[in-house]
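What follows is the content of target_21.pdb, which has PDB, C-alpha atoms, pLDDT in the B column:
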ATOM      1  CA  MET C   1     -17.746 -79.546 -27.443  1.00 44.00           C
ATOM      2  CA  CYS C   2     -15.155 -79.690 -30.190  1.00 43.00           C
ATOM      3  CA  ALA C   3     -13.134 -82.770 -30.887  1.00 42.00           C
ATOM      4  CA  VAL C   4     -11.002 -83.328 -27.867  1.00 46.00           C
ATOM      5  CA  LEU C   5      -8.660 -86.258 -27.910  1.00 48.00           C
ATOM      6  CA  ALA C   6      -9.716 -88.875 -25.402  1.00 52.00           C
ATOM      7  CA  HIS C   7     -10.036 -87.231 -22.015  1.00 59.00           C
ATOM      8  CA  SER C   8      -7.877 -88.774 -19.417  1.00 72.00           C
ATOM      9  CA  LYS C   9      -9.321 -89.550 -16.009  1.00 78.00           C
ATOM     10  CA  ASP C  10      -7.428 -86.512 -14.787  1.00 81.00           C
ATOM     11  CA  ASP C  11      -9.218 -84.230 -17.214  1.00 80.00           C
ATOM     12  CA  GLU C  12     -12.594 -85.544 -16.214  1.00 83.00           C
ATOM     13  CA  GLN C  13     -11.737 -85.055 -12.579  1.00 86.00           C
ATOM     14  CA  ARG C  14     -10.525 -81.567 -13.266  1.00 84.00           C
ATOM     15  CA  ILE C  15     -13.775 -80.605 -15.005  1.00 87.00           C
ATOM     16  CA  ALA C  16     -15.829 -82.189 -12.230  1.00 90.00           C
ATOM     17  CA  LEU C  17     -13.800 -80.289  -9.666  1.00 88.00           C
ATOM     18  CA  LEU C  18     -14.269 -76.984 -11.484  1.00 88.00           C
ATOM     19  CA  TYR C  19     -18.012 -77.606 -11.610  1.00 92.00           C
ATOM     20  CA  GLN C  20     -18.128 -78.518  -7.983  1.00 93.00           C
ATOM     21  CA  GLN C  21     -16.164 -75.476  -6.953  1.00 90.00           C
ATOM     22  CA  PHE C  22     -17.550 -72.815  -9.261  1.00 92.00           C
ATOM     23  CA  GLY C  23     -20.629 -74.201 -11.050  1.00 95.00           C
ATOM     24  CA  GLY C  24     -23.206 -73.006  -8.516  1.00 95.00           C
ATOM     25  CA  PRO C  25     -21.935 -69.472  -7.886  1.00 94.00           C
ATOM     26  CA  LEU C  26     -21.238 -69.006 -11.588  1.00 95.00           C
ATOM     27  CA  LEU C  27     -24.786 -70.008 -12.491  1.00 95.00           C
ATOM     28  CA  ARG C  28     -26.209 -67.523  -9.975  1.00 92.00           C
ATOM     29  CA  HIS C  29     -24.261 -64.670 -11.549  1.00 91.00           C
ATOM     30  CA  VAL C  30     -24.833 -65.715 -15.141  1.00 93.00           C
ATOM     31  CA  ARG C  31     -28.597 -65.966 -14.626  1.00 91.00           C
ATOM     32  CA  ARG C  32     -28.677 -62.290 -13.854  1.00 86.00           C
ATOM     33  CA  SER C  33     -27.178 -61.359 -17.160  1.00 85.00           C
ATOM     34  CA  THR C  34     -29.308 -63.796 -19.155  1.00 86.00           C
ATOM     35  CA  GLY C  35     -32.514 -62.252 -17.827  1.00 81.00           C
ATOM     36  CA  ASN C  36     -33.114 -65.374 -15.748  1.00 82.00           C
ATOM     37  CA  ASP C  37     -33.041 -67.658 -18.775  1.00 90.00           C
ATOM     38  CA  LEU C  38     -31.930 -70.791 -16.933  1.00 93.00           C
ATOM     39  CA  GLN C  39     -31.287 -72.980 -19.975  1.00 95.00           C
ATOM     40  CA  TRP C  40     -29.111 -70.330 -21.564  1.00 94.00           C
ATOM     41  CA  ALA C  41     -27.324 -69.695 -18.253  1.00 95.00           C
ATOM     42  CA  GLU C  42     -26.554 -73.404 -17.858  1.00 96.00           C
ATOM     43  CA  ASP C  43     -25.108 -73.537 -21.391  1.00 96.00           C
ATOM     44  CA  VAL C  44     -22.935 -70.528 -20.588  1.00 96.00           C
ATOM     45  CA  VAL C  45     -21.645 -72.120 -17.387  1.00 97.00           C
ATOM     46  CA  GLN C  46     -20.838 -75.329 -19.224  1.00 96.00           C
ATOM     47  CA  GLU C  47     -18.957 -73.504 -21.963  1.00 95.00           C
ATOM     48  CA  THR C  48     -17.097 -71.450 -19.336  1.00 96.00           C
ATOM     49  CA  ILE C  49     -16.001 -74.550 -17.435  1.00 94.00           C
ATOM     50  CA  VAL C  50     -14.840 -76.204 -20.662  1.00 92.00           C
ATOM     51  CA  ARG C  51     -12.812 -73.129 -21.571  1.00 91.00           C
ATOM     52  CA  ALA C  52     -11.307 -73.114 -18.088  1.00 89.00           C
ATOM     53  CA  TRP C  53     -10.305 -76.712 -18.530  1.00 87.00           C
ATOM     54  CA  ARG C  54      -8.758 -75.966 -21.939  1.00 86.00           C
ATOM     55  CA  ASN C  55      -6.817 -73.131 -20.320  1.00 83.00           C
ATOM     56  CA  SER C  56      -5.697 -75.212 -17.409  1.00 76.00           C
ATOM     57  CA  ALA C  57      -2.187 -73.853 -17.770  1.00 70.00           C
ATOM     58  CA  ARG C  58      -3.640 -70.656 -16.335  1.00 69.00           C
ATOM     59  CA  LEU C  59      -5.318 -72.315 -13.441  1.00 63.00           C
ATOM     60  CA  HIS C  60      -2.269 -71.945 -11.263  1.00 64.00           C
ATOM     61  CA  TRP C  61      -3.492 -68.384 -10.805  1.00 69.00           C
ATOM     62  CA  GLU C  62      -4.524 -67.382  -7.322  1.00 76.00           C
ATOM     63  CA  PRO C  63      -8.142 -68.433  -6.519  1.00 76.00           C
ATOM     64  CA  GLY C  64      -9.558 -64.888  -6.545  1.00 83.00           C
ATOM     65  CA  LEU C  65      -8.155 -64.327 -10.000  1.00 86.00           C
ATOM     66  CA  LEU C  66      -9.443 -67.639 -11.274  1.00 88.00           C
ATOM     67  CA  TRP C  67     -12.927 -66.672 -10.132  1.00 90.00           C
ATOM     68  CA  ALA C  68     -12.589 -63.270 -11.814  1.00 90.00           C
ATOM     69  CA  TRP C  69     -11.343 -64.958 -14.969  1.00 91.00           C
ATOM     70  CA  LEU C  70     -14.317 -67.342 -15.004  1.00 93.00           C
ATOM     71  CA  LEU C  71     -16.736 -64.428 -14.609  1.00 94.00           C
ATOM     72  CA  THR C  72     -15.018 -62.582 -17.436  1.00 93.00           C
ATOM     73  CA  VAL C  73     -15.161 -65.598 -19.738  1.00 94.00           C
ATOM     74  CA  ALA C  74     -18.846 -66.164 -18.890  1.00 95.00           C
ATOM     75  CA  ARG C  75     -19.562 -62.501 -19.591  1.00 94.00           C
ATOM     76  CA  ARG C  76     -18.011 -62.742 -23.038  1.00 93.00           C
ATOM     77  CA  ILE C  77     -20.030 -65.854 -23.833  1.00 94.00           C
ATOM     78  CA  VAL C  78     -23.263 -64.121 -22.764  1.00 92.00           C
ATOM     79  CA  ILE C  79     -22.430 -61.035 -24.817  1.00 90.00           C
ATOM     80  CA  ASP C  80     -21.616 -63.148 -27.883  1.00 89.00           C
ATOM     81  CA  GLY C  81     -24.842 -65.094 -27.386  1.00 90.00           C
ATOM     82  CA  ARG C  82     -26.971 -62.010 -27.081  1.00 85.00           C
ATOM     83  CA  ARG C  83     -25.340 -60.489 -30.148  1.00 82.00           C
ATOM     84  CA  ARG C  84     -26.084 -63.620 -32.125  1.00 84.00           C
ATOM     85  CA  ARG C  85     -29.669 -63.613 -30.893  1.00 80.00           C
ATOM     86  CA  SER C  86     -30.239 -59.999 -31.744  1.00 76.00           C
ATOM     87  CA  ALA C  87     -28.612 -60.508 -35.150  1.00 72.00           C
ATOM     88  CA  ARG C  88     -31.398 -62.912 -36.034  1.00 66.00           C
ATOM     89  CA  PRO C  89     -33.843 -61.136 -38.297  1.00 57.00           C
ATOM     90  CA  THR C  90     -36.955 -62.151 -36.348  1.00 49.00           C
ATOM     91  CA  GLU C  91     -35.600 -60.770 -33.125  1.00 43.00           C
ATOM     92  CA  VAL C  92     -36.966 -57.606 -31.537  1.00 45.00           C
ATOM     93  CA  GLU C  93     -34.760 -54.524 -31.293  1.00 49.00           C
ATOM     94  CA  PRO C  94     -32.401 -54.252 -28.317  1.00 50.00           C
ATOM     95  CA  PRO C  95     -33.712 -51.951 -25.592  1.00 50.00           C
ATOM     96  CA  GLU C  96     -33.005 -48.241 -25.865  1.00 48.00           C
ATOM     97  CA  ALA C  97     -30.671 -46.486 -23.469  1.00 47.00           C
ATOM     98  CA  ASP C  98     -33.397 -45.070 -21.255  1.00 47.00           C
ATOM     99  CA  THR C  99     -34.933 -48.466 -20.623  1.00 46.00           C
ATOM    100  CA  ILE C 100     -31.469 -49.698 -19.735  1.00 49.00           C
ATOM    101  CA  SER C 101     -30.717 -47.048 -17.175  1.00 45.00           C
ATOM    102  CA  VAL C 102     -34.193 -46.677 -15.713  1.00 44.00           C
ATOM    103  CA  PRO C 103     -35.757 -49.993 -14.813  1.00 44.00           C
ATOM    104  CA  ASP C 104     -39.374 -49.448 -13.891  1.00 46.00           C
ATOM    105  CA  GLY C 105     -42.283 -50.755 -11.908  1.00 48.00           C
ATOM    106  CA  ALA C 106     -42.346 -53.720  -9.583  1.00 46.00           C
ATOM    107  CA  ASP C 107     -39.350 -55.180 -11.357  1.00 48.00           C
ATOM    108  CA  ARG C 108     -37.071 -52.610  -9.817  1.00 54.00           C
ATOM    109  CA  THR C 109     -34.698 -54.043  -7.312  1.00 68.00           C
ATOM    110  CA  LEU C 110     -33.006 -51.880  -4.760  1.00 69.00           C
ATOM    111  CA  SER C 111     -29.598 -52.612  -6.213  1.00 84.00           C
ATOM    112  CA  ALA C 112     -30.732 -51.779  -9.744  1.00 88.00           C
ATOM    113  CA  ILE C 113     -31.882 -48.395  -8.487  1.00 91.00           C
ATOM    114  CA  VAL C 114     -28.599 -47.831  -6.692  1.00 92.00           C
ATOM    115  CA  VAL C 115     -26.604 -48.759  -9.812  1.00 94.00           C
ATOM    116  CA  ALA C 116     -28.752 -46.588 -12.098  1.00 94.00           C
ATOM    117  CA  ASP C 117     -28.315 -43.738  -9.650  1.00 94.00           C
ATOM    118  CA  ALA C 118     -24.542 -44.193  -9.568  1.00 95.00           C
ATOM    119  CA  LEU C 119     -24.455 -44.200 -13.381  1.00 96.00           C
ATOM    120  CA  GLY C 120     -26.385 -40.943 -13.282  1.00 96.00           C
ATOM    121  CA  HIS C 121     -23.633 -39.384 -11.202  1.00 96.00           C
ATOM    122  CA  LEU C 122     -20.948 -40.116 -13.777  1.00 97.00           C
ATOM    123  CA  SER C 123     -19.896 -37.508 -16.313  1.00 98.00           C
ATOM    124  CA  ASP C 124     -21.757 -37.763 -19.630  1.00 97.00           C
ATOM    125  CA  GLU C 125     -18.610 -39.047 -21.340  1.00 97.00           C
ATOM    126  CA  HIS C 126     -18.132 -41.786 -18.791  1.00 98.00           C
ATOM    127  CA  ARG C 127     -21.759 -42.871 -18.742  1.00 97.00           C
ATOM    128  CA  GLU C 128     -21.909 -42.897 -22.525  1.00 97.00           C
ATOM    129  CA  VAL C 129     -18.927 -45.170 -22.924  1.00 98.00           C
ATOM    130  CA  ILE C 130     -20.355 -47.708 -20.452  1.00 97.00           C
ATOM    131  CA  GLU C 131     -23.737 -47.627 -22.186  1.00 96.00           C
ATOM    132  CA  GLN C 132     -22.228 -47.986 -25.638  1.00 96.00           C
ATOM    133  CA  THR C 133     -20.101 -50.973 -24.669  1.00 96.00           C
ATOM    134  CA  TYR C 134     -21.168 -53.287 -21.879  1.00 95.00           C
ATOM    135  CA  LEU C 135     -24.803 -52.283 -21.530  1.00 94.00           C
ATOM    136  CA  ARG C 136     -25.398 -52.700 -25.251  1.00 92.00           C
ATOM    137  CA  ASP C 137     -23.194 -55.744 -25.767  1.00 90.00           C
ATOM    138  CA  ARG C 138     -20.822 -53.927 -28.075  1.00 93.00           C
ATOM    139  CA  THR C 139     -17.104 -54.383 -28.411  1.00 94.00           C
ATOM    140  CA  ILE C 140     -14.655 -51.502 -28.093  1.00 96.00           C
ATOM    141  CA  SER C 141     -14.219 -51.321 -31.875  1.00 95.00           C
ATOM    142  CA  GLU C 142     -17.978 -51.176 -32.488  1.00 95.00           C
ATOM    143  CA  ALA C 143     -18.486 -48.514 -29.838  1.00 97.00           C
ATOM    144  CA  ALA C 144     -15.561 -46.510 -31.253  1.00 97.00           C
ATOM    145  CA  GLU C 145     -17.195 -46.474 -34.655  1.00 97.00           C
ATOM    146  CA  ILE C 146     -20.564 -45.389 -33.255  1.00 97.00           C
ATOM    147  CA  LEU C 147     -19.038 -42.696 -31.047  1.00 97.00           C
ATOM    148  CA  GLY C 148     -16.667 -41.532 -33.763  1.00 97.00           C
ATOM    149  CA  ILE C 149     -13.602 -41.699 -31.511  1.00 97.00           C
ATOM    150  CA  PRO C 150     -10.489 -43.902 -31.715  1.00 98.00           C
ATOM    151  CA  PRO C 151     -10.677 -47.331 -30.007  1.00 97.00           C
ATOM    152  CA  GLY C 152      -7.770 -46.349 -27.748  1.00 97.00           C
ATOM    153  CA  THR C 153      -9.813 -43.409 -26.464  1.00 97.00           C
ATOM    154  CA  VAL C 154     -12.802 -45.656 -25.800  1.00 98.00           C
ATOM    155  CA  LYS C 155     -10.538 -48.009 -23.848  1.00 97.00           C
ATOM    156  CA  SER C 156      -9.040 -45.360 -21.623  1.00 97.00           C
ATOM    157  CA  ARG C 157     -12.350 -43.556 -21.142  1.00 98.00           C
ATOM    158  CA  LEU C 158     -13.938 -46.863 -20.194  1.00 98.00           C
ATOM    159  CA  TYR C 159     -11.159 -47.502 -17.717  1.00 98.00           C
ATOM    160  CA  TYR C 160     -11.731 -44.214 -15.902  1.00 98.00           C
ATOM    161  CA  ALA C 161     -15.497 -44.624 -16.139  1.00 98.00           C
ATOM    162  CA  ILE C 162     -15.339 -48.048 -14.497  1.00 98.00           C
ATOM    163  CA  ARG C 163     -12.969 -46.772 -11.820  1.00 97.00           C
ATOM    164  CA  ALA C 164     -15.288 -43.827 -11.092  1.00 97.00           C
ATOM    165  CA  LEU C 165     -18.352 -46.053 -11.021  1.00 97.00           C
ATOM    166  CA  ARG C 166     -16.631 -48.399  -8.614  1.00 96.00           C
ATOM    167  CA  GLU C 167     -15.909 -45.500  -6.258  1.00 96.00           C
ATOM    168  CA  LEU C 168     -19.538 -44.348  -6.402  1.00 95.00           C
ATOM    169  CA  LEU C 169     -20.805 -47.858  -5.743  1.00 94.00           C
ATOM    170  CA  ARG C 170     -18.456 -48.203  -2.815  1.00 92.00           C
ATOM    171  CA  GLU C 171     -19.689 -44.917  -1.334  1.00 90.00           C
ATOM    172  CA  LYS C 172     -23.232 -46.214  -1.617  1.00 83.00           C
ATOM    173  CA  GLY C 173     -22.209 -49.475  -0.056  1.00 75.00           C
ATOM    174  CA  ALA C 174     -23.529 -51.338  -3.071  1.00 55.00           C
ATOM    175  CA  ALA C 175     -20.326 -53.151  -3.854  1.00 51.00           C
ATOM    176  CA  GLY C 176     -18.331 -55.570  -1.775  1.00 47.00           C
TER
ATOM    177  CA  MET H 177      -1.611 -48.791 -15.682  1.00 73.00           C
ATOM    178  CA  HIS H 178      -3.150 -50.666 -18.611  1.00 90.00           C
ATOM    179  CA  PRO H 179      -6.548 -49.234 -19.563  1.00 92.00           C
ATOM    180  CA  GLU H 180      -7.389 -52.424 -21.447  1.00 95.00           C
ATOM    181  CA  VAL H 181      -7.967 -54.109 -18.118  1.00 97.00           C
ATOM    182  CA  ALA H 182     -11.441 -52.535 -17.793  1.00 97.00           C
ATOM    183  CA  ALA H 183     -12.506 -53.577 -21.292  1.00 97.00           C
ATOM    184  CA  TYR H 184     -11.184 -57.044 -20.556  1.00 96.00           C
ATOM    185  CA  VAL H 185     -13.159 -57.355 -17.328  1.00 96.00           C
ATOM    186  CA  LEU H 186     -16.318 -56.211 -19.114  1.00 96.00           C
ATOM    187  CA  GLY H 187     -15.711 -58.758 -21.873  1.00 94.00           C
ATOM    188  CA  VAL H 188     -15.836 -56.160 -24.655  1.00 95.00           C
ATOM    189  CA  LEU H 189     -12.428 -56.698 -26.260  1.00 95.00           C
ATOM    190  CA  ASP H 190     -12.284 -58.454 -29.629  1.00 93.00           C
ATOM    191  CA  ASP H 191     -11.151 -62.075 -29.510  1.00 91.00           C
ATOM    192  CA  ASP H 192      -7.583 -61.387 -30.627  1.00 93.00           C
ATOM    193  CA  GLU H 193      -7.260 -58.507 -28.179  1.00 94.00           C
ATOM    194  CA  THR H 194      -8.564 -60.714 -25.399  1.00 93.00           C
ATOM    195  CA  GLU H 195      -5.969 -63.320 -26.220  1.00 91.00           C
ATOM    196  CA  ARG H 196      -3.206 -60.738 -26.316  1.00 93.00           C
ATOM    197  CA  PHE H 197      -4.313 -59.267 -23.021  1.00 94.00           C
ATOM    198  CA  GLU H 198      -4.395 -62.667 -21.355  1.00 90.00           C
ATOM    199  CA  ARG H 199      -0.816 -63.273 -22.419  1.00 89.00           C
ATOM    200  CA  HIS H 200       0.051 -59.903 -20.899  1.00 92.00           C
ATOM    201  CA  LEU H 201      -1.744 -60.909 -17.699  1.00 89.00           C
ATOM    202  CA  ASP H 202       0.538 -63.852 -17.182  1.00 85.00           C
ATOM    203  CA  GLY H 203       3.397 -61.449 -16.584  1.00 88.00           C
ATOM    204  CA  CYS H 204       1.631 -58.473 -15.003  1.00 91.00           C
ATOM    205  CA  ALA H 205       0.732 -58.717 -11.330  1.00 89.00           C
ATOM    206  CA  ASP H 206      -0.766 -55.201 -11.334  1.00 93.00           C
ATOM    207  CA  CYS H 207      -3.348 -56.119 -13.955  1.00 93.00           C
ATOM    208  CA  ARG H 208      -4.099 -59.392 -12.208  1.00 90.00           C
ATOM    209  CA  ARG H 209      -4.861 -57.483  -9.020  1.00 91.00           C
ATOM    210  CA  GLU H 210      -6.890 -54.879 -10.864  1.00 94.00           C
ATOM    211  CA  ILE H 211      -9.057 -57.503 -12.560  1.00 93.00           C
ATOM    212  CA  GLN H 212     -10.155 -58.700  -9.147  1.00 92.00           C
ATOM    213  CA  GLU H 213     -10.835 -55.151  -7.984  1.00 93.00           C
ATOM    214  CA  LEU H 214     -12.888 -54.149 -11.005  1.00 95.00           C
ATOM    215  CA  GLN H 215     -14.926 -57.349 -11.102  1.00 93.00           C
ATOM    216  CA  GLU H 216     -17.683 -55.933  -8.894  1.00 92.00           C
ATOM    217  CA  VAL H 217     -18.568 -53.244 -11.432  1.00 95.00           C
ATOM    218  CA  PRO H 218     -19.942 -55.500 -14.203  1.00 94.00           C
ATOM    219  CA  LEU H 219     -21.630 -57.578 -11.505  1.00 91.00           C
ATOM    220  CA  ALA H 220     -23.424 -54.404 -10.396  1.00 92.00           C
ATOM    221  CA  LEU H 221     -24.202 -53.416 -13.993  1.00 93.00           C
ATOM    222  CA  ASP H 222     -25.794 -56.826 -14.477  1.00 90.00           C
ATOM    223  CA  GLU H 223     -28.519 -55.650 -12.104  1.00 87.00           C
ATOM    224  CA  LEU H 224     -29.532 -53.258 -14.868  1.00 86.00           C
ATOM    225  CA  LYS H 225     -29.084 -55.806 -17.615  1.00 77.00           C
ATOM    226  CA  GLN H 226     -31.360 -58.197 -15.799  1.00 66.00           C
ATOM    227  CA  GLN H 227     -34.098 -55.604 -16.005  1.00 61.00           C
ATOM    228  CA  SER H 228     -33.631 -54.925 -19.676  1.00 58.00           C
ATOM    229  CA  SER H 229     -32.462 -58.170 -21.219  1.00 50.00           C
ATOM    230  CA  ARG H 230     -35.838 -59.827 -21.586  1.00 46.00           C
ATOM    231  CA  VAL H 231     -35.422 -60.108 -25.291  1.00 44.00           C
ATOM    232  CA  ASP H 232     -36.938 -63.543 -25.210  1.00 41.00           C
ATOM    233  CA  ASP H 233     -37.318 -65.879 -28.127  1.00 39.00           C
TER
END
Go through the file and emit its structure as structure tokens.
Amino acid sequence: MCAVLAHSKDDEQRIALLYQQFGGPLLRHVRRSTGNDLQWAEDVVQETIVRAWRNSARLHWEPGLLWAWLLTVARRIVIDGRRRRSARPTEVEPPEADTISVPDGADRTLSAIVVADALGHLSDEHREVIEQTYLRDRTISEAAEILGIPPGTVKSRLYYAIRALRELLREKGAAG
Amino acid sequence: MHPEVAAYVLGVLDDDETERFERHLDGCADCRREIQELQEVPLALDELKQQSSRVDD
């Protein structure tokens, strides 16, 4: 943690409260995106809670939004972490697109199949933009460069892709 | 409608864009609602990431 001027009792209580309220559920979600790496997931949760505390001005947001914000922050930390890991020279190459969209063997979970199937129902443009950003841990600017289209186009395409995917997942009953 | 909301939810905006978008959020109830709606999509996509992210040390 960076140099923080002496925490007051209030701050400590606030952090403890955030942990108590969100630590468990956050860890469950984060573990999924860290490939079940518990140590890494715990670090991500800790960093997320600290960022929440630093942003406490925002914490007047409605509870549902706070939860969404925490998930978003955790997601960014995981993506940054994975990018740093894969930037290390000794690291193996990131998985190719087909291994991303088609999980195989006993590892397949029902929901992974449902999600892969929903992705398959998107238009090529929509699927591509999701694969080139979130599924490959790339930012909008990086994906724009790879796809050879302006960042603004990636953003709006991604928006419609995510909306369409949400509809498909809802039809399949895979999303709350 | 602000298309950046999807990129924000997925965590794929650059740091400065994220900061800018969060400032926008403070004053935009539509985006705040949409963030909650779209949240389930990356959670579902994580099912796929879980399968493929075993890039272990």
Legend entry - Point-to-point distance in Å for atom CA of Val114 of chain C and atom CA of Leu189 of chain H: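 Atom-to-atom, atom CA of Leu189 of chain H and atom CA of Val114 of chain C are spaced 26.9 Å apart.
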Inset, instruction - Could you give me, as a ChimeraX atom specification, the residues within 8 Å of Leu186 of chain H, counting all atoms listed in the file and dropping anything in the same chain fewer than 2 positions from it? - result: /C:72,75-76,134 /H:182-184,188,218
Legend entry - Selection near Ala205 of chain H, 12 Å with all atoms listed in the file, sequence-local residues under 3 positions removed, as a PyMOL selection string: (chain C and resi 61-62+65) or (chain H and resi 177-178+181+198+200-202+208-212)
Mind listing as a compact mmCIF listing (two decimals) with C-alpha atoms, in the frame of the given file all residues within 8 Å of (-28.4, -61.4, -15.4), counting all atoms listed in the file?
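result14.txt written:
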# COMPACT_ATOMS: atom_id res chain seq x y z
CA HIS C 29 -24.26 -64.67 -11.55
CA VAL C 30 -24.83 -65.72 -15.14
CA ARG C 31 -28.60 -65.97 -14.63
CA ARG C 32 -28.68 -62.29 -13.85
CA SER C 33 -27.18 -61.36 -17.16
CA THR C 34 -29.31 -63.80 -19.16
CA GLY C 35 -32.51 -62.25 -17.83
CA ASN C 36 -33.11 -65.37 -15.75
CA ASP H 222 -25.79 -56.83 -14.48
CA GLU H 223 -28.52 -55.65 -12.10
CA LYS H 225 -29.08 -55.81 -17.61
CA GLN H 226 -31.36 -58.20 -15.80
CA SER H 229 -32.46 -58.17 -21.22
Inset, instruction - Could you please determine the separation between atom CA of Gly24 of chain C and atom CA of Glu42 of chain C in Å, to one decimal place? - result: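 Taking atom CA of Gly24 of chain C and atom CA of Glu42 of chain C, their separation equals 9.9 Å.
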Inset, instruction - Measuring atom to atom with only C-alpha atoms, identify which of C:Ala161, C:Pro150, C:Ile140, C:Gln39 is nearest to Glu193 of chain H. - result: C:Ile140
Inset, instruction - Tell me, in Å to one decimal, how far atom CA of Pro179 of chain H is from atom CA of Glu142 of chain C. - result: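 We find that atom CA of Pro179 of chain H and atom CA of Glu142 of chain C lie 17.4 Å from each other.
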Inset, instruction - Taking the file above as input, evaluate the PyMOL selection byres ((chain C and resi 15-21) around 9) and report the hits as a list in words. - result: Asp10, Asp11, Glu12, Gln13, Arg14, Phe22, Gly23, Gly24, Pro25, Val45, Gln46, Ile49, Val50, Ala52 and Trp53 of chain C
Using C-alpha atoms, can you write the selected residues to a file as a CSV table (one decimal), in the frame of the given file?
chain,number,residue,atom,x,y,z
C,10,ASP,CA,-7.4,-86.5,-14.8
C,11,ASP,CA,-9.2,-84.2,-17.2
C,12,GLU,CA,-12.6,-85.5,-16.2
C,13,GLN,CA,-11.7,-85.1,-12.6
C,14,ARG,CA,-10.5,-81.6,-13.3
C,22,PHE,CA,-17.6,-72.8,-9.3
C,23,GLY,CA,-20.6,-74.2,-11.0
C,24,GLY,CA,-23.2,-73.0,-8.5
C,25,PRO,CA,-21.9,-69.5,-7.9
C,45,VAL,CA,-21.6,-72.1,-17.4
C,46,GLN,CA,-20.8,-75.3,-19.2
C,49,ILE,CA,-16.0,-74.6,-17.4
C,50,VAL,CA,-14.8,-76.2,-20.7
C,52,ALA,CA,-11.3,-73.1,-18.1
C,53,TRP,CA,-10.3,-76.7,-18.5
Enumerate, as a compact mmCIF listing (two decimals) with C-alpha atoms, in the coordinates of the input, the residues matched when the PyMOL selection byres ((chain C and resi 164) around 10) is run on the file above.
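Output file selection18.txt follows:
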# COMPACT_ATOMS: atom_id res chain seq x y z
CA ALA C 118 -24.54 -44.19 -9.57
CA LEU C 119 -24.46 -44.20 -13.38
CA HIS C 121 -23.63 -39.38 -11.20
CA LEU C 122 -20.95 -40.12 -13.78
CA SER C 123 -19.90 -37.51 -16.31
CA HIS C 126 -18.13 -41.79 -18.79
CA LEU C 158 -13.94 -46.86 -20.19
CA TYR C 159 -11.16 -47.50 -17.72
CA TYR C 160 -11.73 -44.21 -15.90
CA ALA C 161 -15.50 -44.62 -16.14
CA ILE C 162 -15.34 -48.05 -14.50
CA ARG C 163 -12.97 -46.77 -11.82
CA LEU C 165 -18.35 -46.05 -11.02
CA ARG C 166 -16.63 -48.40 -8.61
CA GLU C 167 -15.91 -45.50 -6.26
CA LEU C 168 -19.54 -44.35 -6.40
CA LEU C 169 -20.80 -47.86 -5.74
CA ARG C 170 -18.46 -48.20 -2.82
CA VAL H 217 -18.57 -53.24 -11.43
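Using all atoms listed in the file for every distance, the candidate list H:Glu213, H:Asp191, H:Leu224, H:Arg199 yields H:Leu224 as the residue closest to chain C.
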Inset, instruction - Using the chain letters and numbers from the file, give me the residues hit by the PyMOL selection byres ((chain C and resi 132) around 12), as JSON, numbers by chain. - result: {"C": [96, 97, 100, 124, 125, 126, 127, 128, 129, 130, 131, 133, 134, 135, 136, 137, 138, 139, 140, 141, 142, 143, 144, 145, 146, 147, 148, 154, 155, 157, 158], "H": [188]}
Inset, instruction - Go through C:Leu71, C:Gly120, C:Glu171, C:Arg84 one by one, measure the shortest atom-to-atom distance of each to chain H using only C-alpha atoms, and give the residue with the smallest value. - result: C:Leu71
